[in-house]
Amino acid sequence: MLEPALYIVATPIGNLADITRRATEVLEAADIVAAEDTRHTGQLLGSLGISAKLLAYHEHSPEAAAQRLVEAIGAGQAVALVSDAGTPTISDPGYRLVRSVQDAGHAVVPIPGACAAIAALSGSGLPSDRFNFAGFLPSRRAARRQRIATIAGADATQILYEAPHRLREALEDLVEGFGADREAVLARELTKRFETLRRDTLSGLLRWVEEDDNQSRGELVLLLAPAPERPAALPDETLLALLEDLADLVPGRKAAKLLARHSQYSSRELYDVLLSRRDRATSGKEVP
Ligand code: SAM
């Protein structure tokens, strides 16, 4: 018997053996299992030998579906929420349901287990004392670049989910926004047969993915090292001279982007420096 509550039940992200004993007990005892995809979860429960009352609860479920689950808990039932893989509510549906259940004064009980972001971070070799889960980057390039610009300077490891068909584009934009030399990790197919964790510079990862299509297959997590601590100092004079010479040949933004691929500075930082030097040069000329 389970106390009436909403149980947030983590399920494996690839390896069935990663289901916890507690998750199995809750799924067995729950009155209702609310699933993102009832067929998918039906197969998982079948392989665990569990038969449960499955109800669909997903991203597009109307508010009324959440209310029915809240009422079921109010009537004394135990509701387990599961997503297709990993921890529900983490880039998965469920947080609104959690709020509705809390607002109705009922208990919410997390049943922890697999989560791709945390598994990737734990095996990444990147600092994990501070990290930011940034979810999926926007699929449109302009919005993606804007999002990248907001996280590139943070003093914390960044964790991103990415779709395989967008990996290359994302890495290209990350090289530009974080700088080619920023350390990063590609964690692919975690807990599965072709599990791969690769730590390299961003440009190294991009090259690796470009050279071998297999490295962008399956499910992926990207992790970026925190922004390096560096004095507020500007790029050195050689780099600046190169930047200015390049900017005589191509537009400033393009010059900054090209140079960012070969330096520790992002294209935004280089472009800002270029603009401020141009401003200074122009205002210098105005002085009689
Ligand atoms: N709730 C899930 C969790 O706890 O990890 C995440 C769901 S989100 C819709 C799916 C994304 O998680 C995938 O596109 C991929 O970025 C990441 N992911 C899920 N399983 C993975 C795995 N086995 N290896 C690497 N990344 C994975």
# chains A, B, ... in the order shown; residues from 1 in each chain; ligands from 1
>>> select_by_dssp(residues="segment 37-259 of chain A", states="strand (DSSP E)", output="JSON, numbers by chain")
{"A": [54, 55, 56, 78, 79, 80, 81, 82, 108, 109, 110, 111, 131, 132, 133, 134, 135, 136, 157, 158, 159, 160, 161, 162, 183, 184, 185, 186, 187, 188, 196, 197, 198, 199, 200, 201, 220, 221, 222, 223, 224]}
>>> residues_around(residues="Arg188 of chain A", least_positions_apart="2", cutoff="7 Å", atoms="only C-alpha atoms", output="list in words")
Leu186, Leu190, Glu195, Thr196, Leu197, Gly218, Glu219, Leu220 and Val221 of chain A
>>> residues_near_ligand(ligand="ligand 1", cutoff="6 Å", atoms="only C-alpha atoms and all ligand atoms", output="list in words")
Ile13, Gly14, Ala85, Gly86, Thr87, Pro88, Ile90, Ser91, Asp92, Cys115, Ala116, Ala117, Tyr161, Glu162, Ala163, Ala187, Arg188, Glu189, Leu190, Thr191, Glu219, Leu220 and Val221 of chain A
>>> residues_around(residues="segment 271-284 of chain A", least_positions_apart="3", cutoff="7 Å", atoms="only C-alpha atoms", output="PyMOL selection string")
chain A and resi 252-253+256+267-268+287
>>> write_last_selection(atoms="N, CA, C and O atoms", output="mmCIF file, in the first residue's frame")
data_model
loop_
_atom_site.group_PDB
_atom_site.id
_atom_site.type_symbol
_atom_site.label_atom_id
_atom_site.label_comp_id
_atom_site.auth_asym_id
_atom_site.auth_seq_id
_atom_site.Cartn_x
_atom_site.Cartn_y
_atom_site.Cartn_z
ATOM 1 N N GLY A 252 33.685 43.208 -39.993
ATOM 2 C CA GLY A 252 34.183 43.026 -38.629
ATOM 3 C C GLY A 252 33.662 41.772 -37.940
ATOM 4 O O GLY A 252 34.415 41.038 -37.294
ATOM 5 N N ARG A 253 32.369 41.528 -38.093
ATOM 6 C CA ARG A 253 31.784 40.346 -37.434
ATOM 7 C C ARG A 253 32.436 39.067 -37.937
ATOM 8 O O ARG A 253 32.715 38.141 -37.190
ATOM 9 N N ALA A 256 35.932 38.676 -36.560
ATOM 10 C CA ALA A 256 35.905 38.205 -35.168
ATOM 11 C C ALA A 256 35.574 36.715 -35.124
ATOM 12 O O ALA A 256 36.174 35.941 -34.369
ATOM 13 N N SER A 267 33.798 35.064 -30.427
ATOM 14 C CA SER A 267 33.665 36.049 -31.496
ATOM 15 C C SER A 267 33.046 37.329 -30.947
ATOM 16 O O SER A 267 33.380 38.426 -31.376
ATOM 17 N N ARG A 268 32.160 37.191 -29.967
ATOM 18 C CA ARG A 268 31.539 38.383 -29.385
ATOM 19 C C ARG A 268 32.580 39.266 -28.692
ATOM 20 O O ARG A 268 32.602 40.481 -28.861
ATOM 21 N N VAL A 287 39.762 64.833 -32.568
ATOM 22 C CA VAL A 287 40.464 65.799 -31.710
ATOM 23 C C VAL A 287 41.395 66.646 -32.595
ATOM 24 O O VAL A 287 42.188 66.110 -33.346
#
>>> residues_around(residues="Arg99 of chain A", least_positions_apart="5", cutoff="12 Å", atoms="only C-alpha atoms", output="PDB file with N, CA, C and O atoms, in the first residue's frame")
ATOM      1  N   LEU A   6       1.637  12.067  -5.343  1.00  0.00           N
ATOM      2  CA  LEU A   6       2.174  11.976  -6.700  1.00  0.00           C
ATOM      3  C   LEU A   6       3.623  11.533  -6.568  1.00  0.00           C
ATOM      4  O   LEU A   6       4.436  12.219  -5.947  1.00  0.00           O
ATOM      5  N   GLU A  63      -5.338  20.833 -19.130  1.00  0.00           N
ATOM      6  CA  GLU A  63      -5.341  21.053 -17.688  1.00  0.00           C
ATOM      7  C   GLU A  63      -6.278  20.056 -16.985  1.00  0.00           C
ATOM      8  O   GLU A  63      -6.010  19.595 -15.866  1.00  0.00           O
ATOM      9  N   ALA A  66      -4.625  16.950 -15.760  1.00  0.00           N
ATOM     10  CA  ALA A  66      -3.914  17.138 -14.494  1.00  0.00           C
ATOM     11  C   ALA A  66      -4.913  17.147 -13.343  1.00  0.00           C
ATOM     12  O   ALA A  66      -4.682  16.537 -12.286  1.00  0.00           O
ATOM     13  N   GLN A  67      -6.040  17.822 -13.558  1.00  0.00           N
ATOM     14  CA  GLN A  67      -7.046  17.915 -12.482  1.00  0.00           C
ATOM     15  C   GLN A  67      -7.582  16.537 -12.097  1.00  0.00           C
ATOM     16  O   GLN A  67      -7.824  16.246 -10.930  1.00  0.00           O
ATOM     17  N   VAL A  70      -5.111  15.004  -9.886  1.00  0.00           N
ATOM     18  CA  VAL A  70      -5.159  15.649  -8.563  1.00  0.00           C
ATOM     19  C   VAL A  70      -6.350  15.090  -7.775  1.00  0.00           C
ATOM     20  O   VAL A  70      -6.226  14.753  -6.579  1.00  0.00           O
ATOM     21  N   THR A  89      10.003  15.481 -15.525  1.00  0.00           N
ATOM     22  CA  THR A  89      10.102  16.942 -15.290  1.00  0.00           C
ATOM     23  C   THR A  89      11.454  17.526 -15.718  1.00  0.00           C
ATOM     24  O   THR A  89      11.594  18.726 -15.820  1.00  0.00           O
ATOM     25  N   GLY A  94       5.672  17.464 -16.715  1.00  0.00           N
ATOM     26  CA  GLY A  94       5.346  17.102 -15.337  1.00  0.00           C
ATOM     27  C   GLY A  94       5.370  18.225 -14.320  1.00  0.00           C
ATOM     28  O   GLY A  94       4.692  18.141 -13.303  1.00  0.00           O
ATOM     29  N   ALA A 104      -3.007  21.769  -4.378  1.00  0.00           N
ATOM     30  CA  ALA A 104      -4.203  21.128  -3.805  1.00  0.00           C
ATOM     31  C   ALA A 104      -3.916  20.570  -2.404  1.00  0.00           C
ATOM     32  O   ALA A 104      -4.792  19.988  -1.762  1.00  0.00           O
ATOM     33  N   GLY A 105      -2.679  20.729  -1.956  1.00  0.00           N
ATOM     34  CA  GLY A 105      -2.325  20.326  -0.589  1.00  0.00           C
ATOM     35  C   GLY A 105      -1.944  18.859  -0.464  1.00  0.00           C
ATOM     36  O   GLY A 105      -1.889  18.318   0.653  1.00  0.00           O
ATOM     37  N   HIS A 106      -1.628  18.209  -1.600  1.00  0.00           N
ATOM     38  CA  HIS A 106      -1.238  16.799  -1.536  1.00  0.00           C
ATOM     39  C   HIS A 106       0.281  16.651  -1.584  1.00  0.00           C
ATOM     40  O   HIS A 106       0.989  17.565  -1.993  1.00  0.00           O
ATOM     41  N   ALA A 107       0.727  15.443  -1.238  1.00  0.00           N
ATOM     42  CA  ALA A 107       2.177  15.207  -1.193  1.00  0.00           C
ATOM     43  C   ALA A 107       2.730  14.872  -2.583  1.00  0.00           C
ATOM     44  O   ALA A 107       2.056  14.257  -3.406  1.00  0.00           O
ATOM     45  N   VAL A 108       3.969  15.302  -2.790  1.00  0.00           N
ATOM     46  CA  VAL A 108       4.715  14.923  -4.000  1.00  0.00           C
ATOM     47  C   VAL A 108       5.986  14.216  -3.522  1.00  0.00           C
ATOM     48  O   VAL A 108       6.699  14.734  -2.662  1.00  0.00           O
TER      49      VAL A 108
END
>>> closest_residue(among="A:Gly42, A:Ser124, A:Arg144, A:Ala5", to="Leu97 of chain A", atoms="only C-alpha atoms")
A:Ala5
>>> atom_distance(atom1="atom CA of Leu81 of chain A", atom2="atom CA of Ile8 of chain A")
5.0 Å
>>> closest_residue(among="A:Leu202, A:Ala78, A:Asp181, A:Pro62", to="Val109 of chain A", atoms="only C-alpha atoms")
A:Ala78
>>> closest_residue(among="A:Gly179, A:Gly113, A:Gly76, A:Pro235", to="Leu258 of chain A", atoms="only C-alpha atoms")
A:Gly179
>>> closest_residue(among="A:Asp213, A:Glu229, A:Glu237, A:Asp18", to="Pro112 of chain A", atoms="only C-alpha atoms")
A:Asp18
>>> select_by_dssp(residues="segment 130-234 of chain A", states="alpha helix (DSSP H)", output="PyMOL selection string")
chain A and resi 141-151+167-178+202-211
>>> write_last_selection(atoms="C-alpha atoms", output="PDB file, in the first residue's frame")
ATOM      1  CA  ARG A 141      20.139  29.664 -35.382  1.00  0.00           C
ATOM      2  CA  ALA A 142      19.669  33.277 -34.325  1.00  0.00           C
ATOM      3  CA  ALA A 143      17.903  32.296 -31.101  1.00  0.00           C
ATOM      4  CA  ARG A 144      20.493  29.588 -30.466  1.00  0.00           C
ATOM      5  CA  ARG A 145      23.372  32.058 -30.791  1.00  0.00           C
ATOM      6  CA  GLN A 146      21.626  34.443 -28.461  1.00  0.00           C
ATOM      7  CA  ARG A 147      21.139  31.716 -25.828  1.00  0.00           C
ATOM      8  CA  ILE A 148      24.784  30.653 -26.194  1.00  0.00           C
ATOM      9  CA  ALA A 149      25.888  34.250 -25.609  1.00  0.00           C
ATOM     10  CA  THR A 150      23.969  34.317 -22.314  1.00  0.00           C
ATOM     11  CA  ILE A 151      25.704  31.212 -20.911  1.00  0.00           C
ATOM     12  CA  LEU A 167      24.876  18.474 -33.193  1.00  0.00           C
ATOM     13  CA  ARG A 168      27.201  19.870 -35.851  1.00  0.00           C
ATOM     14  CA  GLU A 169      25.387  23.179 -36.132  1.00  0.00           C
ATOM     15  CA  ALA A 170      25.297  23.466 -32.365  1.00  0.00           C
ATOM     16  CA  LEU A 171      29.034  22.766 -32.086  1.00  0.00           C
ATOM     17  CA  GLU A 172      29.783  25.369 -34.773  1.00  0.00           C
ATOM     18  CA  ASP A 173      27.812  27.974 -32.841  1.00  0.00           C
ATOM     19  CA  LEU A 174      29.375  26.900 -29.542  1.00  0.00           C
ATOM     20  CA  VAL A 175      32.880  27.286 -31.030  1.00  0.00           C
ATOM     21  CA  GLU A 176      31.933  30.812 -31.949  1.00  0.00           C
ATOM     22  CA  GLY A 177      30.257  31.697 -28.672  1.00  0.00           C
ATOM     23  CA  PHE A 178      32.550  29.919 -26.194  1.00  0.00           C
ATOM     24  CA  LEU A 202      35.210  22.514 -28.741  1.00  0.00           C
ATOM     25  CA  SER A 203      37.046  22.726 -32.071  1.00  0.00           C
ATOM     26  CA  GLY A 204      38.468  19.232 -31.461  1.00  0.00           C
ATOM     27  CA  LEU A 205      34.980  17.854 -30.807  1.00  0.00           C
ATOM     28  CA  LEU A 206      33.642  19.539 -33.927  1.00  0.00           C
ATOM     29  CA  ARG A 207      36.432  18.015 -36.019  1.00  0.00           C
ATOM     30  CA  TRP A 208      35.791  14.588 -34.499  1.00  0.00           C
ATOM     31  CA  VAL A 209      32.088  14.758 -35.305  1.00  0.00           C
ATOM     32  CA  GLU A 210      32.795  16.039 -38.829  1.00  0.00           C
ATOM     33  CA  GLU A 211      35.208  13.190 -39.486  1.00  0.00           C
TER      34      GLU A 211
END
>>> residues_around(residues="Tyr57 of chain A", least_positions_apart="6", cutoff="8 Å", atoms="only C-alpha atoms", output="ChimeraX atom specification")
/A:34-37,65-66,93
>>> closest_residue(among="A:Leu126, A:Leu259, A:Leu243, A:Thr238", to="Leu223 of chain A", atoms="only C-alpha atoms")
A:Leu126
>>> decode(residues="segment 149-285 of chain A", atoms="C-alpha atoms", output="JSON list (two decimals), in the first residue's frame")
[["chain", "number", "residue", "atom", "x", "y", "z"],
["A", 149, "ALA", "CA", 25.89, 34.25, -25.61],
["A", 150, "THR", "CA", 23.97, 34.32, -22.31],
["A", 151, "ILE", "CA", 25.70, 31.21, -20.91],
["A", 152, "ALA", "CA", 29.22, 31.40, -22.39],
["A", 153, "GLY", "CA", 30.67, 33.63, -19.67],
["A", 154, "ALA", "CA", 29.27, 31.72, -16.70],
["A", 155, "ASP", "CA", 31.53, 30.42, -13.98],
["A", 156, "ALA", "CA", 29.86, 27.00, -13.96],
["A", 157, "THR", "CA", 29.85, 23.89, -16.13],
["A", 158, "GLN", "CA", 27.03, 24.10, -18.69],
["A", 159, "ILE", "CA", 24.97, 20.99, -19.53],
["A", 160, "LEU", "CA", 23.00, 20.86, -22.78],
["A", 161, "TYR", "CA", 20.76, 18.25, -24.36],
["A", 162, "GLU", "CA", 21.00, 18.13, -28.14],
["A", 163, "ALA", "CA", 19.33, 16.28, -30.99],
["A", 164, "PRO", "CA", 21.75, 14.28, -33.16],
["A", 165, "HIS", "CA", 20.77, 16.04, -36.41],
["A", 166, "ARG", "CA", 21.60, 19.43, -34.87],
["A", 167, "LEU", "CA", 24.88, 18.47, -33.19],
["A", 168, "ARG", "CA", 27.20, 19.87, -35.85],
["A", 169, "GLU", "CA", 25.39, 23.18, -36.13],
["A", 170, "ALA", "CA", 25.30, 23.47, -32.36],
["A", 171, "LEU", "CA", 29.03, 22.77, -32.09],
["A", 172, "GLU", "CA", 29.78, 25.37, -34.77],
["A", 173, "ASP", "CA", 27.81, 27.97, -32.84],
["A", 174, "LEU", "CA", 29.38, 26.90, -29.54],
["A", 175, "VAL", "CA", 32.88, 27.29, -31.03],
["A", 176, "GLU", "CA", 31.93, 30.81, -31.95],
["A", 177, "GLY", "CA", 30.26, 31.70, -28.67],
["A", 178, "PHE", "CA", 32.55, 29.92, -26.19],
["A", 179, "GLY", "CA", 35.79, 30.10, -28.21],
["A", 180, "ALA", "CA", 37.50, 27.22, -30.01],
["A", 181, "ASP", "CA", 39.68, 26.28, -27.04],
["A", 182, "ARG", "CA", 36.95, 25.87, -24.41],
["A", 183, "GLU", "CA", 37.03, 22.36, -23.01],
["A", 184, "ALA", "CA", 33.87, 20.35, -23.66],
["A", 185, "VAL", "CA", 32.52, 16.81, -23.38],
["A", 186, "LEU", "CA", 30.26, 14.89, -25.71],
["A", 187, "ALA", "CA", 28.41, 12.15, -23.80],
["A", 188, "ARG", "CA", 26.62, 9.83, -26.20],
["A", 189, "GLU", "CA", 24.38, 6.81, -25.74],
["A", 190, "LEU", "CA", 24.91, 6.71, -21.97],
["A", 191, "THR", "CA", 24.33, 3.31, -20.36],
["A", 192, "LYS", "CA", 23.92, 1.73, -23.81],
["A", 193, "ARG", "CA", 26.12, -0.42, -26.05],
["A", 194, "PHE", "CA", 27.85, 2.45, -27.84],
["A", 195, "GLU", "CA", 28.30, 4.65, -24.78],
["A", 196, "THR", "CA", 30.97, 7.28, -25.50],
["A", 197, "LEU", "CA", 32.35, 10.08, -23.35],
["A", 198, "ARG", "CA", 34.83, 12.31, -25.15],
["A", 199, "ARG", "CA", 36.60, 15.30, -23.62],
["A", 200, "ASP", "CA", 38.36, 17.73, -25.96],
["A", 201, "THR", "CA", 38.37, 21.37, -26.96],
["A", 202, "LEU", "CA", 35.21, 22.51, -28.74],
["A", 203, "SER", "CA", 37.05, 22.73, -32.07],
["A", 204, "GLY", "CA", 38.47, 19.23, -31.46],
["A", 205, "LEU", "CA", 34.98, 17.85, -30.81],
["A", 206, "LEU", "CA", 33.64, 19.54, -33.93],
["A", 207, "ARG", "CA", 36.43, 18.01, -36.02],
["A", 208, "TRP", "CA", 35.79, 14.59, -34.50],
["A", 209, "VAL", "CA", 32.09, 14.76, -35.31],
["A", 210, "GLU", "CA", 32.79, 16.04, -38.83],
["A", 211, "GLU", "CA", 35.21, 13.19, -39.49],
["A", 212, "ASP", "CA", 33.00, 10.41, -38.12],
["A", 213, "ASP", "CA", 29.22, 10.49, -38.62],
["A", 214, "ASN", "CA", 28.79, 7.75, -36.02],
["A", 215, "GLN", "CA", 29.74, 10.24, -33.30],
["A", 216, "SER", "CA", 26.54, 12.20, -33.80],
["A", 217, "ARG", "CA", 24.22, 9.21, -33.69],
["A", 218, "GLY", "CA", 21.88, 8.36, -30.84],
["A", 219, "GLU", "CA", 21.19, 10.41, -27.74],
["A", 220, "LEU", "CA", 23.56, 13.16, -26.71],
["A", 221, "VAL", "CA", 24.55, 15.41, -23.87],
["A", 222, "LEU", "CA", 27.04, 18.24, -24.37],
["A", 223, "LEU", "CA", 28.94, 19.74, -21.44],
["A", 224, "LEU", "CA", 31.03, 22.91, -21.53],
["A", 225, "ALA", "CA", 33.71, 23.81, -19.01],
["A", 226, "PRO", "CA", 33.22, 27.00, -16.97],
["A", 227, "ALA", "CA", 34.56, 30.22, -18.49],
["A", 228, "PRO", "CA", 38.29, 30.36, -17.80],
["A", 229, "GLU", "CA", 39.35, 32.77, -15.12],
["A", 230, "ARG", "CA", 41.35, 35.39, -16.90],
["A", 231, "PRO", "CA", 42.24, 38.93, -16.10],
["A", 232, "ALA", "CA", 39.93, 41.47, -17.66],
["A", 233, "ALA", "CA", 42.90, 41.90, -19.98],
["A", 234, "LEU", "CA", 42.28, 42.25, -23.66],
["A", 235, "PRO", "CA", 43.70, 39.92, -26.28],
["A", 236, "ASP", "CA", 47.40, 40.62, -26.82],
["A", 237, "GLU", "CA", 48.68, 43.07, -29.41],
["A", 238, "THR", "CA", 49.55, 40.42, -32.00],
["A", 239, "LEU", "CA", 46.03, 39.06, -31.92],
["A", 240, "LEU", "CA", 44.56, 42.55, -32.07],
["A", 241, "ALA", "CA", 46.72, 43.49, -35.05],
["A", 242, "LEU", "CA", 45.61, 40.30, -36.78],
["A", 243, "LEU", "CA", 42.00, 41.11, -36.00],
["A", 244, "GLU", "CA", 42.29, 44.60, -37.42],
["A", 245, "ASP", "CA", 44.07, 43.37, -40.56],
["A", 246, "LEU", "CA", 41.38, 40.74, -41.06],
["A", 247, "ALA", "CA", 38.68, 43.35, -40.52],
["A", 248, "ASP", "CA", 40.19, 45.37, -43.38],
["A", 249, "LEU", "CA", 39.53, 42.42, -45.66],
["A", 250, "VAL", "CA", 36.16, 41.13, -44.44],
["A", 251, "PRO", "CA", 33.34, 42.61, -42.32],
["A", 252, "GLY", "CA", 34.18, 43.03, -38.63],
["A", 253, "ARG", "CA", 31.78, 40.35, -37.43],
["A", 254, "LYS", "CA", 33.24, 37.84, -39.88],
["A", 255, "ALA", "CA", 36.79, 38.76, -38.84],
["A", 256, "ALA", "CA", 35.91, 38.21, -35.17],
["A", 257, "LYS", "CA", 34.23, 34.91, -36.01],
["A", 258, "LEU", "CA", 37.22, 33.65, -38.01],
["A", 259, "LEU", "CA", 39.70, 34.57, -35.31],
["A", 260, "ALA", "CA", 37.54, 33.10, -32.52],
["A", 261, "ARG", "CA", 38.09, 29.68, -34.10],
["A", 262, "HIS", "CA", 41.80, 29.97, -33.38],
["A", 263, "SER", "CA", 41.88, 31.75, -30.05],
["A", 264, "GLN", "CA", 40.57, 31.47, -26.51],
["A", 265, "TYR", "CA", 38.29, 34.48, -27.08],
["A", 266, "SER", "CA", 34.72, 34.24, -28.33],
["A", 267, "SER", "CA", 33.66, 36.05, -31.50],
["A", 268, "ARG", "CA", 31.54, 38.38, -29.39],
["A", 269, "GLU", "CA", 34.49, 39.37, -27.20],
["A", 270, "LEU", "CA", 36.69, 39.96, -30.25],
["A", 271, "TYR", "CA", 33.99, 41.95, -32.03],
["A", 272, "ASP", "CA", 33.45, 44.13, -28.96],
["A", 273, "VAL", "CA", 37.19, 44.83, -28.74],
["A", 274, "LEU", "CA", 37.27, 45.66, -32.44],
["A", 275, "LEU", "CA", 34.37, 48.10, -32.08],
["A", 276, "SER", "CA", 35.86, 49.82, -29.07],
["A", 277, "ARG", "CA", 39.24, 50.20, -30.85],
["A", 278, "ARG", "CA", 37.48, 51.63, -33.90],
["A", 279, "ASP", "CA", 35.52, 54.03, -31.67],
["A", 280, "ARG", "CA", 38.74, 55.17, -30.07],
["A", 281, "ALA", "CA", 40.45, 55.60, -33.44],
["A", 282, "THR", "CA", 37.52, 57.61, -34.80],
["A", 283, "SER", "CA", 37.20, 59.86, -31.76],
["A", 284, "GLY", "CA", 40.99, 60.30, -31.83],
["A", 285, "LYS", "CA", 40.77, 61.74, -35.33]]
